[in-house]
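**Student:** Here's a structure for you.
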Amino acid sequence: MITHERLVETVATEAQLNRSEEATHVARTVLADLSLRLGMPDRRRLQRALPAADRDAAYATVPTRTGGAVEFFHDIGEHLGTPPERARYLARTVLSTLRASDPELVDDIGGHLPPDIAELFAEAEPDPARQHPATPAPAPLTVEEVNEALRIRPDWSGDTRRLERTVTLPADRVQPLLRRVKLNTRDLGHRFDYRVAGGTITFVLYTRSVGAVTEPDLRLADAIDATVNAFGSGG
């Protein structure tokens, strides 16, 4: 069973939150919105698996809420006062932490969730099944996978070849943002390109070894989104 301290510490570190109170609020909000997507037996199972300090977050007696990941991110964003792309990053942080501590629980309840919500439990490492058949590189995403990725990342555009996001801000803030993004994505081990023009910076993502968009590019996009959001709010 995961401890409250580990849950909060992991969420604070991964989501770049400065205070444990904020990380606690994020974790409990994600867990509360997750419980609303579960039937009563799975809600009770989730509640029993959580640290005592966080069990009330999974308590709900209302009917199961319908909808997939888009609605899930909307609810989390609304409750936290953050955009859907940031909500997605926070949700994945909390749920992947839960999986790392209790994979049996996640396997049980994940089968009763919409697939696009259940996939948020996945760990950050690339899935070996997604490897390119001829090289050690990750496999290119399909058109359908890229379209789905863009659907839940509305600030990004592109196709199977590359993804782009343009951020507009005062010209003197461009370089500080760029430095922050480089720092926060360094541990991902995946490169991004960028173009700067006046008060805009455009991030360009693709995997050079295969000349296409892959899963690591999506993780990099989420990390960039999180940094841009934190930077814009003074974080």
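Here's how to read the names in the structure tokens: chain A, B, ... by the order shown, residue numbers from 1 in each chain, ligand numbers from 1 in the order shown.
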Among chain A, which residues does DSSP mark as alpha helix (DSSP H) when it is run on the backbone? Keep the chain and numbering as in the structure and answer as a PyMOL selection string.

**Tutor:** chain A and resi 4-14+20-35+40-49+69-80+84-101+103-110+115-118+143-151+171-185+215-232

**Student:** If we count only C-alpha atoms, what is near Asp193 of chain A at a cut-off of 8 Å, once residues fewer than 6 positions away on the same chain are taken out, given as a PyMOL selection string?

**Tutor:** chain A and resi 203-205

**Student:** A:Pro140, A:Gly232, A:Gly68, A:Pro176: which is nearest Asp217 of chain A, counting only C-alpha atoms?

**Tutor:**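 For Asp217 of chain A, the nearest of the given residues is A:Pro140.
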
**Student:** Which is closest to Asp187 of chain A among A:Arg219, A:Arg28, A:Arg44, A:Arg162, if we use only C-alpha atoms?

**Tutor:**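 When distances to Asp187 of chain A are compared using only C-alpha atoms, the smallest one comes from A:Arg219.
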
**Student:** Quick one: residues within 10 Å of Met40 of chain A, only C-alpha atoms counted, chain neighbours fewer than 2 positions away excluded, as a ChimeraX atom specification?

**Tutor:** /A:35-38,42-46,59-64

**Student:** Could you work out how far atom CA of Arg86 of chain A lies from atom CA of Tyr206 of chain A, giving the answer in Å with one decimal?

**Tutor:**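 Computed distance, atom CA of Tyr206 of chain A to atom CA of Arg86 of chain A, equals 21.0 Å.
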